[in-house]
Amino acid sequence: MGCSHNCSSCGETCNERTEKQDLHEKLNPLSSVKKVIGVVSGKGGVGKSLVTAGLAVAFNRMGYKTAVLDADITGPSIPKAFGIKEKCKGNDNGLFPVTTETGIDIMSVNLLLPNETDPVVWRGPIIAGTVKQFWSDVIWQDIDYMFVDMPPGTGDVALTVFQSIPVDGIVIVTSPQELVSMIVEKAVKMAKMMNIPILGIVENMSSFKCPDCGKVHKIFGESKVRETADEIGTKVLAEIPIDSEMASFTDKGKTEAFNGNYLAEAALIIKKDLE
């Protein structure tokens with residue numbers, strides 16, 4: 001097929017391109033977002049949304065205005081983690097995110113659906129378009145750090161986020177299983193293809209401390225996260241244990257009330273790297 005000169009439609013590198021294409025969607029004129037951090041995982045079930053919420057809380061506690069753009073359209077869990085029941089509102093200027101108890105702005109498809117349990121049975125282009133609208137049609141006011149909760153994998157929506165939103169860096173969430181190193185590498189290669197800096201890796205479910213005897217157990221086997229980080233040339237930001245109290249707070253929508261500081265140091269490292 002011949003070139004249509006619509007470079008956004010193919011993703012190929014060709015000699016007929018005369019200049020670099022800027023595919024970023026424009027922010028709403030009333031919005032201001034300083035830094036955008038994508039939180040990604042090569043597979044589902046590793047706690048990506050938990051880490052997204054935890055980083056937003058950690059930066060909020062440091063005094064920054066934070067926000068979460070929930071790009072995991074078909075599996076949104078951010079509103080649940082923050083206990084949000086309110087639906088977002090809007091006017092002729094755009095949509096307004098819902099603000100949590102401590103001042104974190106949230107936009108998620110669940111804030112638009114009549115019922116939070118309604119399935120999102122949409123095709124890829126519609127999902128990708130919704131993510132773009134969360135960036136361009138929502139009024140994000142004075143945001144210092146926005147965290148994008150990405151869907152698992154390296155498919156259409158991840159590509160849309162990287163192309164449409166000016167992401168300053170990504171955090172990769174993983175778990176200790178052996179197969180994870182391969183999956184992490186896929187996420188890393190995608191980020192490098194899109195020229196997105198890798199800020200580091202967070203390992204979730206790294207260990208479990210028995211409340212009765214105090215012994216630490218490696219339920220998923222010995223971690224290889226530091227070896228993996230060395231191989232891809234990045235750092236380990238945090239190793240989060242299995243914590244029943246943290247899980248309980250999250251399930252109850254009380255993420256902001258959990259006193260654990262598993263991601264406090266990670267937030268400091270990310271802040272320094274983005275300065």
# chains A, B, ... in the order shown; residues from 1 in each chain; ligands from 1

$ select_by_dssp --residues "region 103-239 of chain A" --states "alpha helix (DSSP H)" --output "PyMOL selection string"
chain A and resi 124-136+156-164+180-193+225-232

$ closest_atom_pairs --of "region 132-238 of chain A" --to "region 97-114 of chain A" --cutoff "8 Å" --atoms "only C-alpha atoms" --output "Markdown table"
| residue | atom | partner | partner_atom | distance |
| --- | --- | --- | --- | --- |
| A:Phe134 | CA | A:Met107 | CA | 7.0 |
| A:Val138 | CA | A:Pro97 | CA | 6.8 |
| A:Ile139 | CA | A:Pro97 | CA | 7.2 |
| A:Trp140 | CA | A:Pro97 | CA | 7.3 |

$ residues_around --residues "Ile165 (chain A)" --least-positions-apart "6" --cutoff "12 Å" --atoms "only C-alpha atoms" --output "number ranges by chain"
A: 22-27, 33, 35-38, 69, 71, 128, 131-136, 146-148, 157-159, 194, 196

$ closest_residue --among "A:Leu95, A:Cys210, A:Gln163, A:Gly44" --to "Met193 (chain A)" --atoms "only C-alpha atoms"
A:Gln163

$ select_by_dssp --residues "region 102-160 of chain A" --states "strand (DSSP E)" --output "list in words"
Asp105, Ile106, Met107, Ile143, Asp144, Tyr145, Met146, Phe147, Val148 and Asp149 of chain A

$ atom_distance --atom1 "CA of Met246 (chain A)" --atom2 "CA of Asn259 (chain A)"
8.7 Å
